[in-house]
$ cat data25.pdb   # PDB, C-alpha atoms and all ligand atoms
ATOM      1  CA  MET Q   1      -7.065  29.062 -10.665
ATOM      2  CA  SER Q   2     -10.098  27.092 -11.767
ATOM      3  CA  GLY Q   3     -12.831  25.254  -9.899
ATOM      4  CA  GLY Q   4     -12.636  23.388  -6.598
ATOM      5  CA  ALA Q   5      -9.451  21.668  -5.534
ATOM      6  CA  PRO Q   6      -9.391  17.855  -5.698
ATOM      7  CA  PRO Q   7      -8.794  15.818  -2.524
ATOM      8  CA  VAL Q   8      -5.136  15.641  -1.515
ATOM      9  CA  ALA Q   9      -3.733  12.117  -1.220
ATOM     10  CA  LEU Q  10      -0.449  11.539   0.615
ATOM     11  CA  THR Q  11       1.916   8.681  -0.157
ATOM     12  CA  VAL Q  12       4.534   7.747   2.434
ATOM     13  CA  ALA Q  13       6.802   5.346   0.586
ATOM     14  CA  GLY Q  14      10.202   4.665  -0.919
ATOM     15  CA  PHE Q  15      11.746   6.301  -3.960
ATOM     16  CA  ASP Q  16      12.333   4.079  -6.994
ATOM     17  CA  PRO Q  17      14.489   5.965  -9.533
ATOM     18  CA  GLY Q  18      12.857   3.965 -12.342
ATOM     19  CA  SER Q  19       9.338   5.171 -11.399
ATOM     20  CA  GLY Q  20       7.906   1.668 -11.584
ATOM     21  CA  ALA Q  21       7.183   1.429  -7.846
ATOM     22  CA  GLY Q  22       7.178   3.667  -4.803
ATOM     23  CA  ILE Q  23       6.192   7.315  -4.587
ATOM     24  CA  THR Q  24       6.662   8.280  -8.226
ATOM     25  CA  ALA Q  25       4.326   5.477  -9.297
ATOM     26  CA  ASP Q  26       1.831   6.361  -6.527
ATOM     27  CA  LEU Q  27       1.727  10.007  -7.654
ATOM     28  CA  LYS Q  28       0.898   8.878 -11.207
ATOM     29  CA  VAL Q  29      -1.920   6.709  -9.870
ATOM     30  CA  PHE Q  30      -3.352   9.599  -7.844
ATOM     31  CA  ALA Q  31      -3.152  11.873 -10.922
ATOM     32  CA  ALA Q  32      -4.889   9.237 -13.038
ATOM     33  CA  HIS Q  33      -7.773   9.353 -10.548
ATOM     34  CA  GLY Q  34      -7.977  13.157 -10.625
ATOM     35  CA  LEU Q  35      -6.503  13.583  -7.134
ATOM     36  CA  PHE Q  36      -3.660  15.863  -6.087
ATOM     37  CA  GLY Q  37      -0.796  13.768  -4.731
ATOM     38  CA  VAL Q  38       1.805  14.786  -2.164
ATOM     39  CA  SER Q  39       4.578  12.572  -0.831
ATOM     40  CA  ALA Q  40       7.055  11.931   1.960
ATOM     41  CA  ILE Q  41      10.041   9.736   1.110
ATOM     42  CA  THR Q  42      10.878   6.992   3.599
ATOM     43  CA  ALA Q  43      13.968   5.669   1.814
ATOM     44  CA  LEU Q  44      16.004   6.122  -1.322
ATOM     45  CA  THR Q  45      16.601   2.916  -3.230
ATOM     46  CA  VAL Q  46      19.168   2.003  -5.833
ATOM     47  CA  GLN Q  47      17.184  -0.066  -8.292
ATOM     48  CA  SER Q  48      16.066  -0.527 -11.873
ATOM     49  CA  THR Q  49      13.573  -2.783 -13.603
ATOM     50  CA  GLN Q  50      16.165  -5.508 -12.923
ATOM     51  CA  GLY Q  51      15.835  -5.394  -9.131
ATOM     52  CA  VAL Q  52      16.578  -3.542  -5.892
ATOM     53  CA  ARG Q  53      20.306  -3.223  -5.065
ATOM     54  CA  ARG Q  54      20.342  -0.967  -2.020
ATOM     55  CA  VAL Q  55      17.969   0.738   0.413
ATOM     56  CA  GLU Q  56      18.975   3.906   2.261
ATOM     57  CA  PRO Q  57      16.267   4.960   4.762
ATOM     58  CA  VAL Q  58      15.908   8.636   5.684
ATOM     59  CA  ALA Q  59      16.276   9.727   9.337
ATOM     60  CA  GLY Q  60      13.022   9.242  11.297
ATOM     61  CA  ALA Q  61      13.117  12.874  12.434
ATOM     62  CA  LEU Q  62      13.357  14.066   8.815
ATOM     63  CA  LEU Q  63      10.290  12.062   7.821
ATOM     64  CA  ARG Q  64       8.329  13.412  10.808
ATOM     65  CA  GLU Q  65       9.377  16.980   9.996
ATOM     66  CA  THR Q  66       8.307  16.512   6.365
ATOM     67  CA  LEU Q  67       4.919  15.118   7.397
ATOM     68  CA  ASP Q  68       4.294  17.835   9.996
ATOM     69  CA  CYS Q  69       5.287  20.537   7.503
ATOM     70  CA  LEU Q  70       2.889  19.156   4.858
ATOM     71  CA  ALA Q  71       0.027  18.629   7.298
ATOM     72  CA  ALA Q  72       0.359  22.179   8.673
ATOM     73  CA  ASP Q  73      -0.192  23.541   5.170
ATOM     74  CA  VAL Q  74      -2.483  21.175   3.291
ATOM     75  CA  GLU Q  75      -5.628  19.293   4.264
ATOM     76  CA  ILE Q  76      -4.617  15.672   3.751
ATOM     77  CA  ALA Q  77      -7.676  13.634   2.793
ATOM     78  CA  GLY Q  78      -6.029  10.223   3.052
ATOM     79  CA  VAL Q  79      -2.725   8.368   3.264
ATOM     80  CA  LYS Q  80      -1.173   5.426   1.470
ATOM     81  CA  ILE Q  81       1.722   3.807   3.315
ATOM     82  CA  GLY Q  82       4.179   1.767   1.269
ATOM     83  CA  MET Q  83       7.752   0.697   1.876
ATOM     84  CA  LEU Q  84       9.083   1.991   5.211
ATOM     85  CA  GLY Q  85      12.714   0.844   5.081
ATOM     86  CA  SER Q  86      13.578   1.048   8.796
ATOM     87  CA  THR Q  87      12.253   0.745  12.337
ATOM     88  CA  GLU Q  88      13.030   4.412  12.973
ATOM     89  CA  VAL Q  89      10.921   5.522  10.009
ATOM     90  CA  THR Q  90       8.074   3.214  11.067
ATOM     91  CA  GLU Q  91       8.114   4.739  14.562
ATOM     92  CA  ALA Q  92       8.132   8.281  13.168
ATOM     93  CA  LEU Q  93       5.162   7.564  10.923
ATOM     94  CA  ALA Q  94       3.199   5.925  13.744
ATOM     95  CA  GLY Q  95       3.755   9.070  15.846
ATOM     96  CA  PHE Q  96       2.582  11.327  13.020
ATOM     97  CA  LEU Q  97      -0.576   9.299  12.368
ATOM     98  CA  ALA Q  98      -1.499   9.280  16.061
ATOM     99  CA  ALA Q  99      -1.276  13.080  16.167
ATOM    100  CA  SER Q 100      -2.721  13.808  12.702
ATOM    101  CA  GLY Q 101      -6.457  13.326  13.210
ATOM    102  CA  ILE Q 102      -6.727  11.709   9.746
ATOM    103  CA  PRO Q 103      -9.545   9.120  10.051
ATOM    104  CA  ARG Q 104      -8.151   5.597   9.917
ATOM    105  CA  SER Q 105     -10.830   4.673   7.353
ATOM    106  CA  ARG Q 106      -8.784   6.775   4.895
ATOM    107  CA  VAL Q 107      -5.398   5.270   5.646
ATOM    108  CA  VAL Q 108      -4.211   2.334   3.507
ATOM    109  CA  LEU Q 109      -1.208   0.252   4.590
ATOM    110  CA  ASP Q 110       0.601  -1.772   1.941
ATOM    111  CA  PRO Q 111       2.913  -3.853   4.167
ATOM    112  CA  VAL Q 112       5.927  -3.922   1.841
ATOM    113  CA  LEU Q 113       8.413  -6.349   3.343
ATOM    114  CA  ARG Q 114      10.422  -7.679   0.399
ATOM    115  CA  SER Q 115      10.914  -6.742  -3.274
ATOM    116  CA  SER Q 116       9.951  -9.275  -5.924
ATOM    117  CA  SER Q 117      13.680  -9.533  -6.663
ATOM    118  CA  GLY Q 118      14.133 -10.817  -3.083
ATOM    119  CA  LYS Q 119      15.591  -7.805  -1.242
ATOM    120  CA  ALA Q 120      14.325  -7.301   2.339
ATOM    121  CA  LEU Q 121      12.719  -3.855   2.553
ATOM    122  CA  LEU Q 122      12.022  -3.791   6.324
ATOM    123  CA  GLU Q 123      13.979  -5.468   9.130
ATOM    124  CA  GLU Q 124      12.332  -7.757  11.699
ATOM    125  CA  ALA Q 125      12.023  -5.152  14.463
ATOM    126  CA  GLY Q 126      10.319  -2.857  11.939
ATOM    127  CA  VAL Q 127       7.809  -5.585  11.095
ATOM    128  CA  ARG Q 128       6.989  -5.948  14.794
ATOM    129  CA  LEU Q 129       6.475  -2.208  15.122
ATOM    130  CA  LEU Q 130       4.359  -2.129  11.984
ATOM    131  CA  ARG Q 131       2.153  -4.816  13.477
ATOM    132  CA  GLU Q 132       1.881  -3.203  16.911
ATOM    133  CA  LYS Q 133       1.821   0.536  16.182
ATOM    134  CA  LEU Q 134       0.751   1.037  12.563
ATOM    135  CA  LEU Q 135      -1.814  -1.691  11.971
ATOM    136  CA  PRO Q 136      -4.154  -0.401  14.721
ATOM    137  CA  GLN Q 137      -4.109   3.048  13.090
ATOM    138  CA  VAL Q 138      -5.119   2.073   9.543
ATOM    139  CA  GLY Q 139      -8.474   1.244   8.008
ATOM    140  CA  TRP Q 140      -7.074  -0.853   5.182
ATOM    141  CA  VAL Q 141      -4.226  -3.350   4.875
ATOM    142  CA  THR Q 142      -3.291  -4.959   1.547
ATOM    143  CA  PRO Q 143      -0.900  -7.893   2.115
ATOM    144  CA  ASN Q 144       0.085 -10.368  -0.564
ATOM    145  CA  LEU Q 145       0.321 -13.998   0.529
ATOM    146  CA  ALA Q 146       3.913 -13.813   1.775
ATOM    147  CA  GLU Q 147       3.210 -10.604   3.713
ATOM    148  CA  LEU Q 148       0.084 -12.134   5.228
ATOM    149  CA  ALA Q 149       2.188 -15.044   6.521
ATOM    150  CA  VAL Q 150       4.834 -12.772   8.060
ATOM    151  CA  LEU Q 151       2.224 -10.536   9.718
ATOM    152  CA  THR Q 152       0.150 -13.380  11.186
ATOM    153  CA  GLY Q 153       2.959 -15.839  11.902
ATOM    154  CA  LEU Q 154       0.877 -18.489  10.089
ATOM    155  CA  PRO Q 155       2.137 -20.554   7.122
ATOM    156  CA  GLU Q 156       1.800 -18.853   3.731
ATOM    157  CA  PRO Q 157      -1.557 -19.870   2.167
ATOM    158  CA  ALA Q 158      -0.813 -22.491  -0.475
ATOM    159  CA  GLN Q 159      -4.295 -22.394  -1.935
ATOM    160  CA  PRO Q 160      -7.146 -19.910  -2.067
ATOM    161  CA  ALA Q 161      -9.246 -21.825   0.488
ATOM    162  CA  GLU Q 162      -6.669 -20.998   3.185
ATOM    163  CA  ILE Q 163      -6.793 -17.236   2.617
ATOM    164  CA  PRO Q 164     -10.008 -16.261   4.481
ATOM    165  CA  GLU Q 165      -8.880 -17.802   7.802
ATOM    166  CA  ALA Q 166      -5.493 -16.073   7.575
ATOM    167  CA  ALA Q 167      -7.233 -12.738   6.823
ATOM    168  CA  ARG Q 168      -9.515 -13.241   9.851
ATOM    169  CA  ALA Q 169      -6.456 -13.975  12.009
ATOM    170  CA  LEU Q 170      -4.874 -10.699  10.885
ATOM    171  CA  ALA Q 171      -8.067  -8.742  11.621
ATOM    172  CA  ARG Q 172      -8.301 -10.335  15.086
ATOM    173  CA  MET Q 173      -4.673  -9.484  15.774
ATOM    174  CA  ALA Q 174      -5.198  -5.861  14.775
ATOM    175  CA  ALA Q 175      -8.300  -5.626  16.960
ATOM    176  CA  GLU Q 176      -6.421  -7.028  19.954
ATOM    177  CA  THR Q 177      -3.534  -4.554  19.655
ATOM    178  CA  GLY Q 178      -5.714  -1.645  18.560
ATOM    179  CA  ARG Q 179      -7.437   1.032  20.523
ATOM    180  CA  ALA Q 180      -9.853   2.304  17.869
ATOM    181  CA  ALA Q 181     -11.344   5.678  18.717
ATOM    182  CA  ALA Q 182     -15.057   5.554  19.559
ATOM    183  CA  GLY Q 183     -17.255   5.370  16.485
ATOM    184  CA  GLU Q 184     -14.400   4.560  14.136
ATOM    185  CA  ALA Q 185     -14.743   1.706  11.683
ATOM    186  CA  GLY Q 186     -12.300  -1.200  12.023
ATOM    187  CA  LEU Q 187      -9.968  -2.803   9.560
ATOM    188  CA  HIS Q 188     -10.595  -3.923   5.976
ATOM    189  CA  VAL Q 189      -8.148  -6.689   4.979
ATOM    190  CA  VAL Q 190      -7.519  -7.075   1.239
ATOM    191  CA  VAL Q 191      -5.362 -10.074   0.336
ATOM    192  CA  THR Q 192      -3.877  -9.824  -3.128
ATOM    193  CA  GLY Q 193      -3.524 -13.298  -4.557
ATOM    194  CA  GLY Q 194      -1.358 -12.470  -7.561
ATOM    195  CA  HIS Q 195       1.144 -15.157  -6.606
ATOM    196  CA  LEU Q 196      -1.251 -18.100  -6.850
ATOM    197  CA  ASP Q 197      -2.362 -19.692 -10.128
ATOM    198  CA  ARG Q 198      -5.296 -17.337 -10.376
ATOM    199  CA  PRO Q 199      -4.849 -13.697  -9.386
ATOM    200  CA  ASP Q 200      -7.994 -13.581  -7.264
ATOM    201  CA  ASP Q 201      -8.204 -11.002  -4.482
ATOM    202  CA  PHE Q 202     -10.058 -11.448  -1.213
ATOM    203  CA  LEU Q 203     -11.727  -8.795   0.950
ATOM    204  CA  LEU Q 204     -12.568  -9.229   4.614
ATOM    205  CA  ALA Q 205     -14.450  -5.998   5.290
ATOM    206  CA  ALA Q 206     -14.538  -4.299   8.691
ATOM    207  CA  ASN Q 207     -18.190  -5.369   9.107
ATOM    208  CA  GLY Q 208     -17.215  -9.038   8.629
ATOM    209  CA  GLU Q 209     -18.462  -9.273   5.025
ATOM    210  CA  GLU Q 210     -16.255 -11.521   2.875
ATOM    211  CA  ARG Q 211     -15.899 -11.240  -0.861
ATOM    212  CA  TRP Q 212     -13.758 -12.771  -3.619
ATOM    213  CA  PHE Q 213     -12.721 -10.747  -6.669
ATOM    214  CA  PRO Q 214     -11.842 -13.219  -9.425
ATOM    215  CA  GLY Q 215      -9.047 -12.252 -11.783
ATOM    216  CA  THR Q 216      -7.380 -13.575 -14.895
ATOM    217  CA  ARG Q 217      -3.640 -13.391 -15.373
ATOM    218  CA  VAL Q 218      -2.352 -10.636 -17.690
ATOM    219  CA  GLU Q 219       0.490 -11.984 -19.867
ATOM    220  CA  THR Q 220       3.050  -9.222 -19.385
ATOM    221  CA  SER Q 221       6.460  -8.547 -17.872
ATOM    222  CA  ALA Q 222       5.162  -5.167 -16.636
ATOM    223  CA  THR Q 223       4.556  -6.314 -13.072
ATOM    224  CA  HIS Q 224       6.975  -4.041 -11.215
ATOM    225  CA  GLY Q 225       5.095  -1.950  -8.676
ATOM    226  CA  THR Q 226       1.711  -3.652  -9.047
ATOM    227  CA  GLY Q 227       1.329  -3.801  -5.230
ATOM    228  CA  CYS Q 228       2.139  -0.079  -4.933
ATOM    229  CA  ALA Q 229      -0.321   0.809  -7.701
ATOM    230  CA  PHE Q 230      -3.076  -1.360  -6.210
ATOM    231  CA  SER Q 231      -2.874   0.277  -2.781
ATOM    232  CA  SER Q 232      -2.730   3.817  -4.162
ATOM    233  CA  ALA Q 233      -5.638   3.090  -6.543
ATOM    234  CA  LEU Q 234      -7.555   1.689  -3.560
ATOM    235  CA  LEU Q 235      -6.958   4.874  -1.538
ATOM    236  CA  SER Q 236      -7.972   6.945  -4.583
ATOM    237  CA  ARG Q 237     -11.273   5.105  -4.883
ATOM    238  CA  VAL Q 238     -11.938   5.449  -1.153
ATOM    239  CA  LEU Q 239     -11.292   9.215  -1.352
ATOM    240  CA  LEU Q 240     -13.632   9.457  -4.344
ATOM    241  CA  GLY Q 241     -16.398   7.978  -2.184
ATOM    242  CA  ASP Q 242     -16.515   4.273  -3.072
ATOM    243  CA  GLY Q 243     -17.660   1.703  -0.515
ATOM    244  CA  PRO Q 244     -15.290  -1.204   0.267
ATOM    245  CA  VAL Q 245     -16.464  -3.604  -2.461
ATOM    246  CA  GLU Q 246     -16.500  -0.947  -5.207
ATOM    247  CA  ALA Q 247     -13.102   0.387  -4.078
ATOM    248  CA  VAL Q 248     -11.416  -3.031  -4.288
ATOM    249  CA  ALA Q 249     -13.074  -3.862  -7.626
ATOM    250  CA  GLY Q 250     -12.110  -0.444  -9.008
ATOM    251  CA  ALA Q 251      -8.484  -0.704  -7.862
ATOM    252  CA  LYS Q 252      -8.181  -4.191  -9.329
ATOM    253  CA  ALA Q 253      -9.601  -3.039 -12.666
ATOM    254  CA  TYR Q 254      -7.257  -0.050 -12.671
ATOM    255  CA  VAL Q 255      -4.118  -2.166 -12.138
ATOM    256  CA  ARG Q 256      -5.203  -4.662 -14.776
ATOM    257  CA  ALA Q 257      -5.754  -1.887 -17.348
ATOM    258  CA  ALA Q 258      -2.417  -0.239 -16.468
ATOM    259  CA  MET Q 259      -0.622  -3.604 -16.911
ATOM    260  CA  LYS Q 260      -2.321  -4.227 -20.252
ATOM    261  CA  ALA Q 261      -1.421  -0.729 -21.497
ATOM    262  CA  ALA Q 262       2.272  -1.025 -20.489
ATOM    263  CA  TYR Q 263       5.060  -0.427 -22.982
ATOM    264  CA  PRO Q 264       8.562  -1.935 -22.860
ATOM    265  CA  ILE Q 265      10.833   0.176 -20.605
ATOM    266  CA  GLY Q 266      14.040  -1.342 -19.231
ATOM    267  CA  LYS Q 267      15.488  -4.835 -19.462
ATOM    268  CA  GLY Q 268      13.652  -6.383 -16.480
ATOM    269  CA  ARG Q 269      10.140  -6.342 -15.002
ATOM    270  CA  GLY Q 270       8.914  -3.117 -16.507
ATOM    271  CA  PRO Q 271       6.597  -0.420 -15.184
ATOM    272  CA  MET Q 272       2.882  -0.143 -15.897
ATOM    273  CA  HIS Q 273       1.313   2.633 -17.913
ATOM    274  CA  HIS Q 274      -0.795   4.864 -15.698
ATOM    275  CA  LEU Q 275      -3.776   6.139 -17.565
ATOM    276  CA  TYR Q 276      -4.561   9.813 -17.581
TER     277      TYR Q 276
HETATM  278  N1  LIG Q 301      10.868  -0.204  -4.403
HETATM  279  C1  LIG Q 301      10.000   0.521  -3.737
HETATM  280  C2  LIG Q 301      10.340   1.925  -3.409
HETATM  281  C3  LIG Q 301       8.771  -0.060  -3.374
HETATM  282  O1  LIG Q 301       7.884   0.651  -2.682
HETATM  283  C4  LIG Q 301       8.496  -1.405  -3.731
HETATM  284  C5  LIG Q 301       7.257  -2.074  -3.416
HETATM  285  O2  LIG Q 301       6.295  -1.629  -2.945
HETATM  286  C6  LIG Q 301       9.430  -2.113  -4.413
HETATM  287  C7  LIG Q 301      10.601  -1.485  -4.749
HETATM  288  C8  LIG Q 301       9.183  -3.529  -4.791
HETATM  289  O3  LIG Q 301       8.505  -3.595  -5.961
HETATM  290  P1  LIG Q 301       8.409  -5.018  -6.675
HETATM  291  O4  LIG Q 301       7.627  -5.866  -5.760
HETATM  292  O5  LIG Q 301       7.708  -4.714  -7.937
HETATM  293  O6  LIG Q 301       9.817  -5.492  -6.846
END

$ encode --input "data25.pdb" --output "structure tokens"
Amino acid sequence: MSGGAPPVALTVAGFDPGSGAGITADLKVFAAHGLFGVSAITALTVQSTQGVRRVEPVAGALLRETLDCLAADVEIAGVKIGMLGSTEVTEALAGFLAASGIPRSRVVLDPVLRSSSGKALLEEAGVRLLREKLLPQVGWVTPNLAELAVLTGLPEPAQPAEIPEAARALARMAAETGRAAAGEAGLHVVVTGGHLDRPDDFLLAANGEERWFPGTRVETSATHGTGCAFSSALLSRVLLGDGPVEAVAGAKAYVRAAMKAAYPIGKGRGPMHHLY
């Protein structure tokens, strides 16, 4: 064995057999940042670069047992939460987080509700549970515009000027449902704007600071799993010690570089190339 061990990052997400999204992509992102990644599968999916055909969630008790087994053995530095797949799985994860002692400032929630190919990845009751039981336990949430609308119940922002108010509404909602432990920082909301004309991202930090991160569109079909990669890159940067602004800027730069370096794999929206 050589040197000190890197921080251990946990991804709790779905399995994409094509490795473009979900846990296999997250593990590559963690490795690219020099972290050691571990994972707990929430659901198997039948999918390819051409879209998601089927989602088969694991039993909630199996997920909880997996998480407890990992946490009893390894010091988990932080968690990225991706696709959950069912209400039962969402409940099991909320129970684990409450008991885990992992600081919420090192838990990133990517509220995956629908695949880009249109398949629903969490039912309505699961969304409610995510909002009520998971959101108050995380330090970061990374919705895209459609996810922001579902979580807040507000119309989907049609232009960038509407994004800050929707992000504030989400932060208020989380604060109302949350019971943050004394001394713990609140919620950072990062809205990924990749579906508007300009892929600008917006950060509403826990201290109320607001910041835009301008982007330029990358001409590529390698866009499968960009949300997954962004949230796991964000967790990686947080675990490496970045503050909120540096972490968002770093994650955005990482995803852009991985999209630009992609090679053609599959007939549909291909995977990114994760840079080692
Ligand atoms: N499959 C899994 C396992 C995912 O976690 C996600 C998104 O996070 C998707 C599919 C959807 O990916 P995309 O939005 O690229 O279709």

$ residues_around --input "data25.pdb" --residues "region 39-52 of chain Q" --least-positions-apart "6" --cutoff "9 Å" --atoms "all atoms listed in the file" --output "ChimeraX atom specification"
/Q:9-20,22-24,26-27,58-60,63,66-67,70,82-86,89-90,115-119,224,265-271

$ resolve_selection --input "data25.pdb" --expression "the PyMOL selection byres (((chain Q and resi 243-247) around 12) and not hetatm)" --output "MDAnalysis selection string"
chainID Q and resid 105:106 108 139:140 185 187:190 201:213 230:242 248:254

$ resolve_selection --input "data25.pdb" --expression "the PyMOL selection byres (((chain Q and resi 33) around 8) and not hetatm)" --output "number ranges by chain"
Q: 29-32, 34-35, 233, 236-237, 276

$ closest_residue --input "data25.pdb" --among "Q:Pro160, Q:Pro264, Q:Pro57, Q:Gly153" --to "ligand LIG 301 (chain Q)" --atoms "only C-alpha atoms and all ligand atoms"
Q:Pro57

$ closest_residue --input "data25.pdb" --among "Q:Gly37, Q:Pro164, Q:Pro136, Q:Pro111" --to "ligand LIG 301 (chain Q)" --atoms "all atoms listed in the file"
Q:Pro111

$ resolve_selection --input "data25.pdb" --expression "the PyMOL selection byres (((chain Q and resi 145-149) around 10) and not hetatm)" --output "MDAnalysis selection string"
chainID Q and resid 110:114 141:144 150:160 163 166:167 169:170 189:196

$ atom_distance --input "data25.pdb" --atom1 "CA of Glu132 (chain Q)" --atom2 "CA of Glu176 (chain Q)"
9.6 Å
